[in-house]
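> My structure file final_10.cif, mmCIF, C-alpha atoms, is below:
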data_start
#
loop_
_atom_site.label_atom_id
_atom_site.label_comp_id
_atom_site.auth_asym_id
_atom_site.auth_seq_id
_atom_site.Cartn_x
_atom_site.Cartn_y
_atom_site.Cartn_z
CA MET P 610 1.66 -2.09 17.35
CA SER P 611 5.28 -2.16 16.13
CA ARG P 612 7.91 0.17 17.59
CA ASN P 613 8.22 2.01 14.24
CA VAL P 614 4.46 2.52 13.95
CA ARG P 615 4.29 3.76 17.55
CA ALA P 616 7.06 6.22 16.83
CA ILE P 617 5.37 7.51 13.69
CA THR P 618 2.04 7.82 15.49
CA ALA P 619 3.60 9.68 18.40
CA THR P 620 5.39 12.08 16.06
CA VAL P 621 2.27 12.83 14.04
CA ALA P 622 0.22 13.27 17.22
CA ALA P 623 2.76 15.76 18.60
CA LEU P 624 2.72 17.78 15.38
CA LEU P 625 -1.06 17.79 15.24
CA LEU P 626 -1.30 18.88 18.86
CA ALA P 627 1.00 21.79 18.16
CA THR P 628 -0.96 22.92 15.10
CA ALA P 629 -4.32 22.39 16.78
CA CYS P 630 -3.31 24.75 19.58
CA ASN P 631 -3.07 27.52 16.99
CA SER P 632 -6.54 26.77 15.63
CA ALA P 633 -9.54 28.94 16.36
CA ALA P 634 -11.96 26.24 15.19
CA THR P 635 -13.74 24.11 17.75
CA GLY P 636 -16.51 21.55 17.68
CA ASN P 637 -19.01 24.29 18.53
CA SER P 638 -17.76 27.32 16.61
CA SER P 639 -20.35 29.58 14.96
CA ASP P 640 -21.06 29.38 11.23
CA SER P 641 -21.77 32.29 8.88
CA LYS P 642 -25.50 32.26 9.66
CA GLY P 643 -25.12 32.53 13.40
CA SER P 644 -25.72 28.91 14.33
CA SER P 645 -23.93 27.70 17.44
CA VAL P 646 -23.07 24.44 15.67
CA ARG P 647 -20.36 24.29 13.04
CA GLY P 648 -21.77 23.37 9.63
CA VAL P 649 -25.43 23.29 10.69
CA THR P 650 -28.10 25.86 9.76
CA ASP P 651 -31.89 25.67 9.94
CA GLY P 652 -31.97 24.28 6.41
CA ALA P 653 -28.68 22.49 5.76
CA ILE P 654 -25.88 20.28 7.06
CA LYS P 655 -22.49 20.94 5.51
CA VAL P 656 -20.39 17.87 4.71
CA GLY P 657 -17.08 17.42 2.86
CA GLY P 658 -14.84 14.51 1.88
CA ILE P 659 -11.16 13.56 1.61
CA VAL P 660 -10.25 11.11 -1.15
CA SER P 661 -7.05 10.01 -2.90
CA MET P 662 -8.14 11.07 -6.38
CA THR P 663 -4.56 11.06 -7.66
CA THR P 664 -1.57 8.98 -6.53
CA ALA P 665 2.04 8.46 -7.57
CA SER P 666 1.23 4.93 -8.81
CA GLY P 667 -1.72 6.11 -10.91
CA TYR P 668 -4.25 4.36 -8.68
CA SER P 669 -7.32 6.51 -8.06
CA LYS P 670 -10.23 6.41 -5.65
CA LYS P 671 -12.06 9.28 -7.35
CA ASP P 672 -15.32 7.35 -7.69
CA THR P 673 -15.61 7.40 -3.90
CA ASP P 674 -16.79 10.98 -4.36
CA LEU P 675 -19.43 9.87 -6.88
CA GLY P 676 -20.76 7.26 -4.46
CA ALA P 677 -21.14 9.86 -1.72
CA ARG P 678 -22.82 12.32 -4.09
CA ALA P 679 -25.28 9.62 -5.15
CA ARG P 680 -26.33 8.80 -1.60
CA PHE P 681 -26.54 12.42 -0.45
CA ALA P 682 -28.55 13.31 -3.57
CA ARG P 683 -31.15 10.68 -2.76
CA ALA P 684 -31.36 11.86 0.84
CA ASN P 685 -32.03 15.40 -0.38
CA ALA P 686 -34.59 14.21 -2.92
CA GLU P 687 -36.43 12.46 -0.09
CA GLY P 688 -36.60 15.68 1.94
CA GLY P 689 -33.25 15.70 3.68
CA ILE P 690 -32.46 14.76 7.26
CA ASN P 691 -35.07 15.98 9.72
CA GLY P 692 -35.88 18.87 7.37
CA ARG P 693 -32.28 19.78 6.54
CA LYS P 694 -30.68 19.20 3.14
CA ILE P 695 -27.12 17.88 2.86
CA ASP P 696 -24.78 20.54 1.48
CA TYR P 697 -22.07 18.24 0.13
CA LEU P 698 -18.96 20.21 -0.86
CA GLY P 699 -17.32 17.31 -2.65
CA ALA P 700 -14.02 15.66 -1.79
CA GLU P 701 -10.58 17.19 -1.35
CA ASP P 702 -7.79 15.29 -3.15
CA ASP P 703 -5.02 14.32 -0.69
CA GLY P 704 -2.87 12.72 -3.41
CA GLN P 705 -2.24 9.90 -0.90
CA ASP P 706 0.17 12.33 0.79
CA PRO P 707 0.13 12.62 4.63
CA ALA P 708 0.79 16.37 4.54
CA LYS P 709 -2.06 16.95 2.06
CA ASN P 710 -4.39 14.73 4.08
CA LEU P 711 -3.89 16.89 7.17
CA ALA P 712 -4.15 20.08 5.09
CA ALA P 713 -7.45 18.87 3.61
CA ALA P 714 -8.84 18.11 7.06
CA ARG P 715 -7.84 21.53 8.37
CA LYS P 716 -9.34 23.29 5.32
CA LEU P 717 -12.68 21.51 5.59
CA VAL P 718 -13.02 22.24 9.30
CA GLN P 719 -11.43 25.68 9.73
CA GLN P 720 -12.23 27.26 6.36
CA ASP P 721 -15.28 25.44 5.02
CA LYS P 722 -16.65 24.71 8.51
CA VAL P 723 -18.17 21.32 7.77
CA PHE P 724 -20.17 19.45 10.39
CA ALA P 725 -18.80 16.10 9.24
CA ILE P 726 -16.35 14.50 6.83
CA SER P 727 -17.81 11.73 4.70
CA PRO P 728 -16.16 10.04 2.92
CA MET P 729 -12.53 9.80 4.01
CA SER P 730 -10.80 7.32 1.72
CA SER P 731 -7.00 7.13 1.65
CA VAL P 732 -4.26 4.79 2.86
CA THR P 733 -2.89 7.74 4.81
CA PHE P 734 -4.95 9.46 7.49
CA SER P 735 -2.62 11.93 9.18
CA GLY P 736 -5.60 14.23 9.76
CA ALA P 737 -7.23 11.73 12.13
CA ASP P 738 -5.92 13.20 15.40
CA PHE P 739 -6.86 16.72 14.30
CA LEU P 740 -10.41 15.66 13.42
CA GLN P 741 -10.78 13.76 16.68
CA LYS P 742 -9.62 16.78 18.69
CA GLN P 743 -11.95 19.09 16.76
CA LYS P 744 -14.86 16.66 17.35
CA VAL P 745 -15.64 16.17 13.66
CA PRO P 746 -17.71 13.03 12.88
CA THR P 747 -15.74 11.29 10.13
CA PHE P 748 -16.75 8.31 8.00
CA GLY P 749 -14.81 6.04 5.65
CA TRP P 750 -13.57 2.54 5.01
CA GLY P 751 -12.05 1.29 8.27
CA THR P 752 -9.04 -0.37 6.68
CA ILE P 753 -6.45 1.65 8.65
CA PRO P 754 -5.88 1.87 12.42
CA SER P 755 -7.23 5.42 12.74
CA PHE P 756 -10.75 4.03 12.34
CA CYS P 757 -10.28 1.76 15.34
CA GLY P 758 -10.84 3.49 18.66
CA PRO P 759 -11.32 7.27 18.19
CA THR P 760 -14.79 8.34 19.32
CA TYR P 761 -15.57 10.60 16.33
CA ILE P 762 -14.23 8.36 13.53
CA TYR P 763 -16.37 5.58 12.03
CA GLY P 764 -15.74 2.81 9.50
CA PHE P 765 -18.82 2.01 7.40
CA GLY P 766 -18.03 -1.68 7.80
CA GLY P 767 -16.57 -1.32 11.26
CA CYS P 768 -12.92 -1.49 12.32
CA MET P 769 -11.02 -3.66 9.83
CA VAL P 770 -7.53 -3.51 11.40
CA PRO P 771 -8.04 -3.58 15.16
CA MET P 772 -5.48 -2.98 17.84
CA PRO P 773 -4.61 -5.70 20.38
CA GLY P 774 -7.67 -6.37 22.48
CA GLY P 775 -9.97 -6.01 19.49
CA THR P 776 -11.07 -8.64 16.99
CA ILE P 777 -10.29 -9.66 13.41
CA SER P 778 -12.87 -10.39 10.72
CA GLN P 779 -12.62 -13.91 9.34
CA THR P 780 -14.42 -13.12 6.08
CA TRP P 781 -11.38 -13.62 3.81
CA PRO P 782 -10.03 -17.01 5.00
CA GLU P 783 -13.45 -18.44 5.77
CA GLY P 784 -14.74 -17.41 2.37
CA LEU P 785 -11.71 -18.94 0.67
CA LYS P 786 -12.51 -22.30 2.24
CA GLN P 787 -15.26 -22.63 -0.36
CA VAL P 788 -12.65 -22.07 -3.06
CA THR P 789 -9.98 -24.39 -1.63
CA HIS P 790 -12.47 -26.98 -0.29
CA GLY P 791 -11.39 -26.41 3.28
CA ALA P 792 -8.18 -25.23 4.93
CA LYS P 793 -6.70 -28.50 6.14
CA GLY P 794 -3.25 -29.03 4.65
CA LYS P 795 -3.44 -25.78 2.63
CA THR P 796 -0.61 -23.22 2.69
CA VAL P 797 -0.71 -19.44 2.27
CA ALA P 798 1.81 -16.72 1.32
CA ILE P 799 0.92 -13.07 2.10
CA LEU P 800 2.63 -10.03 0.54
CA ALA P 801 2.08 -6.31 1.29
CA ASN P 802 3.70 -2.90 0.84
CA ASP P 803 6.42 -1.58 3.16
CA ASN P 804 4.24 1.09 4.80
CA ASP P 805 2.11 1.29 7.96
CA ALA P 806 -0.95 -0.14 6.21
CA GLY P 807 1.10 -3.07 4.91
CA THR P 808 2.61 -3.78 8.32
CA PHE P 809 -0.81 -3.90 9.95
CA ALA P 810 -2.20 -6.01 7.10
CA ILE P 811 0.49 -8.64 7.53
CA ARG P 812 0.02 -8.79 11.26
CA THR P 813 -3.74 -9.06 10.89
CA TYR P 814 -4.01 -11.59 8.08
CA LYS P 815 -1.22 -13.80 9.37
CA GLN P 816 -3.34 -14.39 12.47
CA SER P 817 -6.57 -14.57 10.49
CA PHE P 818 -5.49 -17.28 8.04
CA ALA P 819 -3.73 -19.31 10.73
CA SER P 820 -6.84 -19.22 12.94
CA ALA P 821 -8.94 -20.49 10.02
CA GLY P 822 -6.69 -23.55 9.74
CA TYR P 823 -4.33 -22.52 6.94
CA LYS P 824 -0.56 -22.79 7.31
CA VAL P 825 1.08 -19.40 6.65
CA THR P 826 4.46 -20.06 5.02
CA PHE P 827 5.30 -16.47 4.08
CA ALA P 828 4.12 -13.08 5.38
CA LYS P 829 6.06 -9.90 4.57
CA SER P 830 5.41 -6.19 3.99
CA SER P 831 8.42 -5.70 1.72
CA VAL P 832 7.21 -4.21 -1.59
CA PRO P 833 8.15 -0.49 -1.95
CA ALA P 834 5.04 1.64 -1.50
CA ALA P 835 6.52 4.62 -3.34
CA SER P 836 6.59 2.98 -6.78
CA VAL P 837 5.56 -0.26 -8.50
CA PRO P 838 8.56 -2.59 -9.01
CA SER P 839 9.57 -3.23 -12.62
CA ASP P 840 11.10 -6.57 -11.66
CA TRP P 841 9.09 -8.93 -9.43
CA SER P 842 11.49 -11.88 -9.61
CA ALA P 843 12.91 -11.40 -6.11
CA TYR P 844 9.43 -11.51 -4.60
CA THR P 845 8.06 -14.37 -6.68
CA LYS P 846 11.17 -16.49 -6.10
CA GLU P 847 10.80 -16.21 -2.33
CA ILE P 848 7.03 -16.74 -2.35
CA LEU P 849 7.04 -19.72 -4.69
CA ARG P 850 9.61 -21.55 -2.56
CA SER P 851 8.07 -20.68 0.80
CA ASP P 852 6.39 -24.05 1.39
CA GLY P 853 9.53 -26.07 2.01
CA GLY P 854 10.82 -25.28 -1.47
CA LYS P 855 7.39 -25.61 -3.07
CA ALA P 856 4.75 -23.07 -4.01
CA PRO P 857 1.96 -22.34 -1.50
CA ASP P 858 -1.65 -23.20 -2.30
CA ILE P 859 -2.72 -19.56 -2.03
CA VAL P 860 -0.94 -16.27 -2.82
CA VAL P 861 -2.53 -13.33 -0.97
CA SER P 862 -1.75 -9.78 -2.07
CA VAL P 863 -2.75 -6.93 0.24
CA MET P 864 -1.84 -4.22 -2.26
CA GLN P 865 -3.43 -1.88 -4.80
CA THR P 866 -4.22 -2.73 -8.41
CA PRO P 867 -0.96 -1.66 -10.16
CA TYR P 868 1.01 -3.85 -7.73
CA ASN P 869 -1.38 -6.78 -8.07
CA ILE P 870 -1.10 -6.68 -11.84
CA GLY P 871 2.68 -6.87 -11.64
CA LEU P 872 2.77 -9.57 -8.97
CA PHE P 873 0.10 -11.83 -10.44
CA THR P 874 1.51 -11.55 -13.95
CA ALA P 875 4.94 -12.59 -12.69
CA VAL P 876 3.52 -15.45 -10.62
CA LYS P 877 1.48 -16.79 -13.55
CA ARG P 878 4.49 -16.66 -15.87
CA SER P 879 6.31 -18.94 -13.45
CA GLY P 880 3.67 -21.59 -14.11
CA TYR P 881 1.86 -21.18 -10.80
CA ARG P 882 -1.58 -22.83 -10.77
CA GLY P 883 -2.72 -22.11 -7.22
CA VAL P 884 -5.24 -19.58 -5.90
CA LEU P 885 -4.56 -15.86 -6.30
CA THR P 886 -6.51 -13.39 -4.16
CA ASP P 887 -6.59 -9.71 -3.16
CA PRO P 888 -9.02 -7.20 -1.59
CA THR P 889 -8.76 -4.54 -4.28
CA ASP P 890 -9.56 -5.46 -7.87
CA TYR P 891 -13.34 -5.51 -7.98
CA ASP P 892 -13.69 -2.90 -10.70
CA PRO P 893 -15.39 -3.56 -14.05
CA GLY P 894 -13.44 -0.61 -15.42
CA LEU P 895 -10.32 -2.76 -15.22
CA LEU P 896 -11.80 -5.05 -17.86
CA ALA P 897 -11.52 -2.36 -20.53
CA LYS P 898 -7.83 -3.12 -21.03
CA SER P 899 -6.98 -6.58 -22.31
CA ALA P 900 -3.61 -6.68 -20.52
CA THR P 901 -5.21 -5.84 -17.18
CA LYS P 902 -8.03 -8.30 -17.73
CA GLU P 903 -5.53 -11.05 -18.53
CA ALA P 904 -3.32 -10.27 -15.51
CA LEU P 905 -6.25 -10.45 -13.09
CA ASP P 906 -8.08 -13.36 -14.71
CA GLY P 907 -8.79 -16.08 -12.16
CA VAL P 908 -8.15 -13.85 -9.13
CA HIS P 909 -10.56 -14.13 -6.18
CA ILE P 910 -11.33 -10.69 -4.73
CA LEU P 911 -12.47 -10.03 -1.17
CA LEU P 912 -15.47 -7.75 -0.70
CA THR P 913 -16.79 -6.38 2.59
CA PHE P 914 -20.14 -5.60 0.99
CA GLU P 915 -22.69 -7.36 -1.18
CA PRO P 916 -21.39 -8.11 -4.69
CA PHE P 917 -22.91 -6.02 -7.47
CA GLU P 918 -24.13 -9.31 -8.94
CA THR P 919 -26.67 -9.78 -6.13
CA ARG P 920 -30.31 -8.79 -6.63
CA SER P 921 -31.30 -7.41 -3.24
CA ALA P 922 -33.52 -4.34 -2.93
CA ALA P 923 -30.62 -2.37 -1.42
CA MET P 924 -28.35 -3.22 -4.37
CA LYS P 925 -31.07 -2.25 -6.84
CA GLN P 926 -31.41 1.12 -5.07
CA PHE P 927 -27.62 1.63 -5.08
CA LYS P 928 -27.42 1.05 -8.82
CA ALA P 929 -30.31 3.43 -9.48
CA ASP P 930 -28.71 6.14 -7.32
CA ILE P 931 -25.32 5.81 -9.04
CA LYS P 932 -26.93 5.98 -12.48
CA LYS P 933 -28.85 9.12 -11.54
CA ALA P 934 -25.75 10.77 -10.09
CA SER P 935 -23.91 9.91 -13.33
CA GLY P 936 -26.38 11.87 -15.43
CA GLY P 937 -28.48 8.85 -16.36
CA LYS P 938 -25.53 6.92 -17.79
CA ASP P 939 -24.82 3.27 -17.08
CA VAL P 940 -21.29 3.54 -15.66
CA PRO P 941 -19.15 0.57 -14.61
CA LEU P 942 -19.59 0.02 -10.87
CA ASN P 943 -16.62 -0.30 -8.52
CA MET P 944 -15.84 -0.63 -4.82
CA HIS P 945 -14.85 3.03 -4.53
CA MET P 946 -18.44 4.02 -5.34
CA MET P 947 -19.59 1.67 -2.61
CA THR P 948 -17.08 3.17 -0.16
CA GLY P 949 -18.46 6.67 -0.72
CA TYR P 950 -22.06 5.50 -0.76
CA MET P 951 -21.94 3.48 2.46
CA SER P 952 -19.84 6.10 4.27
CA ALA P 953 -22.57 8.61 3.46
CA ASP P 954 -25.29 6.12 4.35
CA LEU P 955 -23.94 5.51 7.86
CA PHE P 956 -23.58 9.23 8.49
CA LEU P 957 -27.14 9.88 7.29
CA SER P 958 -28.57 7.06 9.41
CA ILE P 959 -26.99 8.40 12.59
CA ALA P 960 -27.89 12.02 11.78
CA GLN P 961 -31.52 10.99 11.26
CA LYS P 962 -31.56 9.33 14.66
CA ALA P 963 -30.01 12.45 16.26
CA GLY P 964 -33.22 14.36 15.54
CA GLN P 965 -34.01 17.98 14.78
CA ASN P 966 -31.66 19.43 17.41
CA LEU P 967 -28.47 18.40 15.60
CA THR P 968 -25.26 19.08 17.50
CA VAL P 969 -22.04 17.13 17.79
CA ALA P 970 -23.21 15.99 21.22
CA SER P 971 -26.63 14.82 19.97
CA PHE P 972 -24.97 13.10 17.01
CA GLN P 973 -22.58 11.22 19.28
CA LYS P 974 -25.43 10.26 21.58
CA ALA P 975 -27.31 8.85 18.59
CA ALA P 976 -24.22 6.92 17.50
CA ASP P 977 -23.83 5.36 20.93
CA GLY P 978 -26.08 2.34 20.72
CA PHE P 979 -26.95 2.78 17.03
CA SER P 980 -27.80 -0.41 15.15
CA ASP P 981 -29.64 -1.58 12.05
CA THR P 982 -29.87 -4.73 9.96
CA GLY P 983 -29.90 -5.93 6.38
CA THR P 984 -27.61 -3.31 4.87
CA MET P 985 -25.15 -3.98 2.04
CA VAL P 986 -22.42 -4.38 4.67
CA GLY P 987 -24.48 -6.57 6.96
CA ASP P 988 -25.82 -5.75 10.41
CA ARG P 989 -24.32 -2.50 11.72
CA ALA P 990 -23.80 -1.72 15.41
CA LEU P 991 -22.02 1.04 17.33
CA PRO P 992 -19.84 1.48 19.30
CA LYS P 993 -18.98 -2.14 18.40
CA GLY P 994 -17.91 -0.97 14.94
CA GLN P 995 -15.18 1.23 16.44
CA LYS P 996 -13.50 -1.84 17.90
CA GLU P 997 -14.24 -4.60 15.41
CA SER P 998 -15.62 -5.11 11.92
CA PHE P 999 -19.20 -6.08 11.24
CA GLY P 1000 -17.70 -9.37 10.03
CA CYS P 1001 -19.51 -9.74 6.71
CA GLY P 1002 -18.28 -10.16 3.16
CA ALA P 1003 -18.03 -12.19 -0.03
CA LEU P 1004 -15.55 -13.27 -2.70
CA VAL P 1005 -15.88 -12.78 -6.44
CA GLN P 1006 -13.65 -14.25 -9.13
CA LEU P 1007 -12.73 -12.57 -12.38
CA LYS P 1008 -13.10 -15.21 -15.06
CA ASN P 1009 -13.24 -14.81 -18.83
CA GLY P 1010 -13.87 -11.09 -18.64
CA ALA P 1011 -16.63 -11.12 -16.00
CA TYR P 1012 -16.99 -11.30 -12.23
CA HIS P 1013 -18.66 -14.30 -10.65
CA VAL P 1014 -19.50 -14.85 -6.98
CA SER P 1015 -17.14 -17.54 -5.69
CA SER P 1016 -18.19 -17.24 -2.04
CA PRO P 1017 -21.59 -15.64 -1.22
CA PHE P 1018 -22.06 -12.68 1.11
CA LYS P 1019 -22.08 -13.97 4.68
CA CYS P 1020 -21.16 -12.89 8.22
CA TYR P 1021 -18.54 -14.78 10.23
CA GLU P 1022 -17.63 -14.80 13.90
CA PRO P 1023 -14.50 -12.67 14.49
CA ILE P 1024 -11.41 -13.80 16.42
CA PRO P 1025 -9.41 -11.96 19.11
CA PHE P 1026 -6.53 -9.87 17.76
CA LYS P 1027 -3.28 -10.54 19.60
#
Please lay out the structure from this file as structure tokens.

Amino acid sequence: MSRNVRAITATVAALLLATACNSAATGNSSDSKGSSVRGVTDGAIKVGGIVSMTTASGYSKKDTDLGARARFARANAEGGINGRKIDYLGAEDDGQDPAKNLAAARKLVQQDKVFAISPMSSVTFSGADFLQKQKVPTFGWGTIPSFCGPTYIYGFGGCMVPMPGGTISQTWPEGLKQVTHGAKGKTVAILANDNDAGTFAIRTYKQSFASAGYKVTFAKSSVPAASVPSDWSAYTKEILRSDGGKAPDIVVSVMQTPYNIGLFTAVKRSGYRGVLTDPTDYDPGLLAKSATKEALDGVHILLTFEPFETRSAAMKQFKADIKKASGGKDVPLNMHMMTGYMSADLFLSIAQKAGQNLTVASFQKAADGFSDTGTMVGDRALPKGQKESFGCGALVQLKNGAYHVSSPFKCYEPIPFK
């Protein structure tokens, strides 16, 4: 971990410790019906979410909430979890703001008295230390360090950005080998935002691509996270000369959609004909705008779940659940729906295993040693997933207004993170 990240983490931890000392809420505080377990009654389990529904850049993860609602609704329709229905309160909007993220966590625990938080989907997770201290099982997409290590925080696909001593998923570079016909002699440039998530992404993927046999010629977290640049020339100039004055074979963007649109448009205008790839833009809703569709045409997108184009029984069920939760409408599917759905699914699976006597302690005991197979994120296992990812994924390419699988869903052996 970098010195700056350690400093930020220490500062946030100190602030959270100070505020937590003033809190009356604990992992075993009583709810309004006299239960000794926060958020649990004889007939219900109270759950809430935290999602970046609005952001300064215009990027939204609001459909994460829909995905969670869809999965919880099916669980309730099937009789609930060990006789209890899920009382899902919906998701608080943190606006991708650290202060709001912590405020949302405190509200859900101290005011709403939820048993668990699922989903938590934001690039900022300043509420993590508070939730860990309050013993609140929390589920989301493990793409930030807070999902790697804490005992009460779970990534639905495992830990995606591990700390030293953990492992790194090789899904992205290994999948791209099918696109680039191997890694030998191929060069890669990686660009990310200038925030904590970007710093960790660069450190992770620089190792990942190099281990897969690619030569990394450029790797920087230098794009302002506060606003999308209007002029990308400084970035494209540096990237497209990174291979000894030549353009790399692959340009990797570890940023959100508005940034990817700007970067890829600028790169294409330069005449670049190499591979463009990111982990964000798998969203049929993006195809509604011709400019967006053109900017992202040809891009290979990393998925850590089965592509919507697959025909597995689990994918068929997911689509049916989303349609039902959308009032019977056929809505465009996106990865945010999957984030909410699979966050809810992992919570439900562990809660079911915990049995009728649901407490935080029984839930954690059920999580310790939990495993299942054949899910839309591969084979799940805990506590392994709190130290490393489940290692499975696919690539899809946007081409001529439609997504096509360019590398099928598969699991790869992880590598040590140094």
> My list of candidates is P:Met951, P:Ala677, P:Ser842, P:Lys855. Which is closest to P:Ala700 when distances are computed with all atoms listed in the file?
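Between P:Met951, P:Ala677, P:Ser842, P:Lys855, the residue approaching P:Ala700 most closely is P:Ala677.
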> For the structure provided, state which residues fall under the PyMOL selection byres ((chain P and resi 761) around 7), and present them as number ranges by chain.
P: 741, 744-747, 759-760, 762-763
> Please produce a file of the residues just selected, as a PDB file, in the coordinates of the input, where the atoms kept are C-alpha atoms.

ATOM      1  CA  GLN P 741     -10.780  13.760  16.680  1.00  0.00           C
ATOM      2  CA  LYS P 744     -14.860  16.660  17.350  1.00  0.00           C
ATOM      3  CA  VAL P 745     -15.640  16.170  13.660  1.00  0.00           C
ATOM      4  CA  PRO P 746     -17.710  13.030  12.880  1.00  0.00           C
ATOM      5  CA  THR P 747     -15.740  11.290  10.130  1.00  0.00           C
ATOM      6  CA  PRO P 759     -11.320   7.270  18.190  1.00  0.00           C
ATOM      7  CA  THR P 760     -14.790   8.340  19.320  1.00  0.00           C
ATOM      8  CA  ILE P 762     -14.230   8.360  13.530  1.00  0.00           C
ATOM      9  CA  TYR P 763     -16.370   5.580  12.030  1.00  0.00           C
TER      10      TYR P 763
END
> Can you tell me which residues surround P:Leu1004 at a distance of at most 10 Å, considering only C-alpha atoms, apart from same-chain residues fewer than 2 positions away, and format the answer as a list in words?
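Returned residues: Thr780, Trp781, Gly784, Leu785, Gln787, Val788, Thr886, Asp887, Pro888, Tyr891, Val908, His909, Ile910, Leu911, Leu912, Thr913, Phe914, Glu915, Pro916, Gly1002, Gln1006, Tyr1012, His1013, Val1014, Ser1015, Ser1016, Pro1017, Phe1018 and Lys1019 of chain P.
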> As an exercise, work out the distance from atom CA of P:Leu957 to atom CA of P:Ala976 in Å and give it to one decimal place.
11.0 Å
> Could you name the residues that touch P:Met772 at 9 Å or less, counting only C-alpha atoms, but leaving out those on the same chain fewer than 3 positions away, as a PDB file with C-alpha atoms, in the coordinates of the input?

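Contents of the output file part14.pdb:
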ATOM      1  CA  MET P 610       1.660  -2.090  17.350  1.00  0.00           C
ATOM      2  CA  PRO P 754      -5.880   1.870  12.420  1.00  0.00           C
ATOM      3  CA  CYS P 757     -10.280   1.760  15.340  1.00  0.00           C
ATOM      4  CA  GLY P 758     -10.840   3.490  18.660  1.00  0.00           C
ATOM      5  CA  GLY P 775      -9.970  -6.010  19.490  1.00  0.00           C
ATOM      6  CA  THR P 776     -11.070  -8.640  16.990  1.00  0.00           C
ATOM      7  CA  LYS P 996     -13.500  -1.840  17.900  1.00  0.00           C
ATOM      8  CA  PHE P1026      -6.530  -9.870  17.760  1.00  0.00           C
ATOM      9  CA  LYS P1027      -3.280 -10.540  19.600  1.00  0.00           C
TER      10      LYS P1027
END
> Could you check which of P:Val1005, P:Leu675, P:Val656, P:Leu967 is closest to P:Gly936, using all atoms listed in the file?
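Looking only at the distances to P:Gly936, the closest residue turns out to be P:Leu675.
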> Enumerate, as a list in words, the residues matched when the PyMOL selection byres ((chain P and resi 879-885) around 9) is run on the file above.
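This file gives the following for the PyMOL selection byres ((chain P and resi 879-885) around 9): Val788, Thr789, Thr845, Leu849, Ala856, Pro857, Asp858, Ile859, Val860, Val861, Ser862, Phe873, Thr874, Ala875, Val876, Lys877, Arg878, Thr886, Asp887, Leu905, Gly907, Val908, His909 and Ile910 of chain P.
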> Write the residues of the preceding selection, restricted to C-alpha atoms, as a PDB file, in the coordinates of the input.

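Dumped to selection-v3.pdb:
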ATOM      1  CA  VAL P 788     -12.650 -22.070  -3.060  1.00  0.00           C
ATOM      2  CA  THR P 789      -9.980 -24.390  -1.630  1.00  0.00           C
ATOM      3  CA  THR P 845       8.060 -14.370  -6.680  1.00  0.00           C
ATOM      4  CA  LEU P 849       7.040 -19.720  -4.690  1.00  0.00           C
ATOM      5  CA  ALA P 856       4.750 -23.070  -4.010  1.00  0.00           C
ATOM      6  CA  PRO P 857       1.960 -22.340  -1.500  1.00  0.00           C
ATOM      7  CA  ASP P 858      -1.650 -23.200  -2.300  1.00  0.00           C
ATOM      8  CA  ILE P 859      -2.720 -19.560  -2.030  1.00  0.00           C
ATOM      9  CA  VAL P 860      -0.940 -16.270  -2.820  1.00  0.00           C
ATOM     10  CA  VAL P 861      -2.530 -13.330  -0.970  1.00  0.00           C
ATOM     11  CA  SER P 862      -1.750  -9.780  -2.070  1.00  0.00           C
ATOM     12  CA  PHE P 873       0.100 -11.830 -10.440  1.00  0.00           C
ATOM     13  CA  THR P 874       1.510 -11.550 -13.950  1.00  0.00           C
ATOM     14  CA  ALA P 875       4.940 -12.590 -12.690  1.00  0.00           C
ATOM     15  CA  VAL P 876       3.520 -15.450 -10.620  1.00  0.00           C
ATOM     16  CA  LYS P 877       1.480 -16.790 -13.550  1.00  0.00           C
ATOM     17  CA  ARG P 878       4.490 -16.660 -15.870  1.00  0.00           C
ATOM     18  CA  THR P 886      -6.510 -13.390  -4.160  1.00  0.00           C
ATOM     19  CA  ASP P 887      -6.590  -9.710  -3.160  1.00  0.00           C
ATOM     20  CA  LEU P 905      -6.250 -10.450 -13.090  1.00  0.00           C
ATOM     21  CA  GLY P 907      -8.790 -16.080 -12.160  1.00  0.00           C
ATOM     22  CA  VAL P 908      -8.150 -13.850  -9.130  1.00  0.00           C
ATOM     23  CA  HIS P 909     -10.560 -14.130  -6.180  1.00  0.00           C
ATOM     24  CA  ILE P 910     -11.330 -10.690  -4.730  1.00  0.00           C
TER      25      ILE P 910
END
> I'd like the residues picked by the PyMOL selection byres ((chain P and resi 727) around 8) written out as a PyMOL selection string, using the chain letters and numbers from the file.
chain P and resi 656-659+677+725-726+728-729+747-749+949+952-953+956
> Compare P:Arg715, P:Lys928, P:Lys829, P:Lys815 by their minimum atom-to-atom distance to P:Met864, counting only C-alpha atoms, and give me the closest one.
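Looking only at the distances to P:Met864, the closest residue turns out to be P:Lys829.
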> What separation in Å, quoted to one decimal, exists between atom CA of P:Lys709 and atom CA of P:Val732?
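Atom CA of P:Val732 lies at a distance of 12.4 Å from atom CA of P:Lys709.
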> Mind pulling up the distance from atom CA of P:Met769 to atom CA of P:Phe999?
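Value for the atom CA of P:Phe999-atom CA of P:Met769 distance: 8.6 Å.
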> Counting all atoms listed in the file, figure out which residue out of P:Thr673, P:Gln961, P:Thr984, P:Ser820 gets nearest to P:Gln926.
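When distances to P:Gln926 are compared using all atoms listed in the file, the smallest one comes from P:Thr984.
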> Can you find the residues with an atom no farther than 10 Å from (-4.1, 5.1, 4.6), counting all atoms listed in the file, and report them as a PyMOL selection string?
chain P and resi 661+705-707+710+729-735+750-755+804-807
> From the options P:Ser830, P:Thr919, P:Ser958, P:Ser669, which residue's atoms come nearest to P:Phe972, counting all atoms listed in the file?
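Answer, going by the shortest atom-to-atom distance: P:Ser958.
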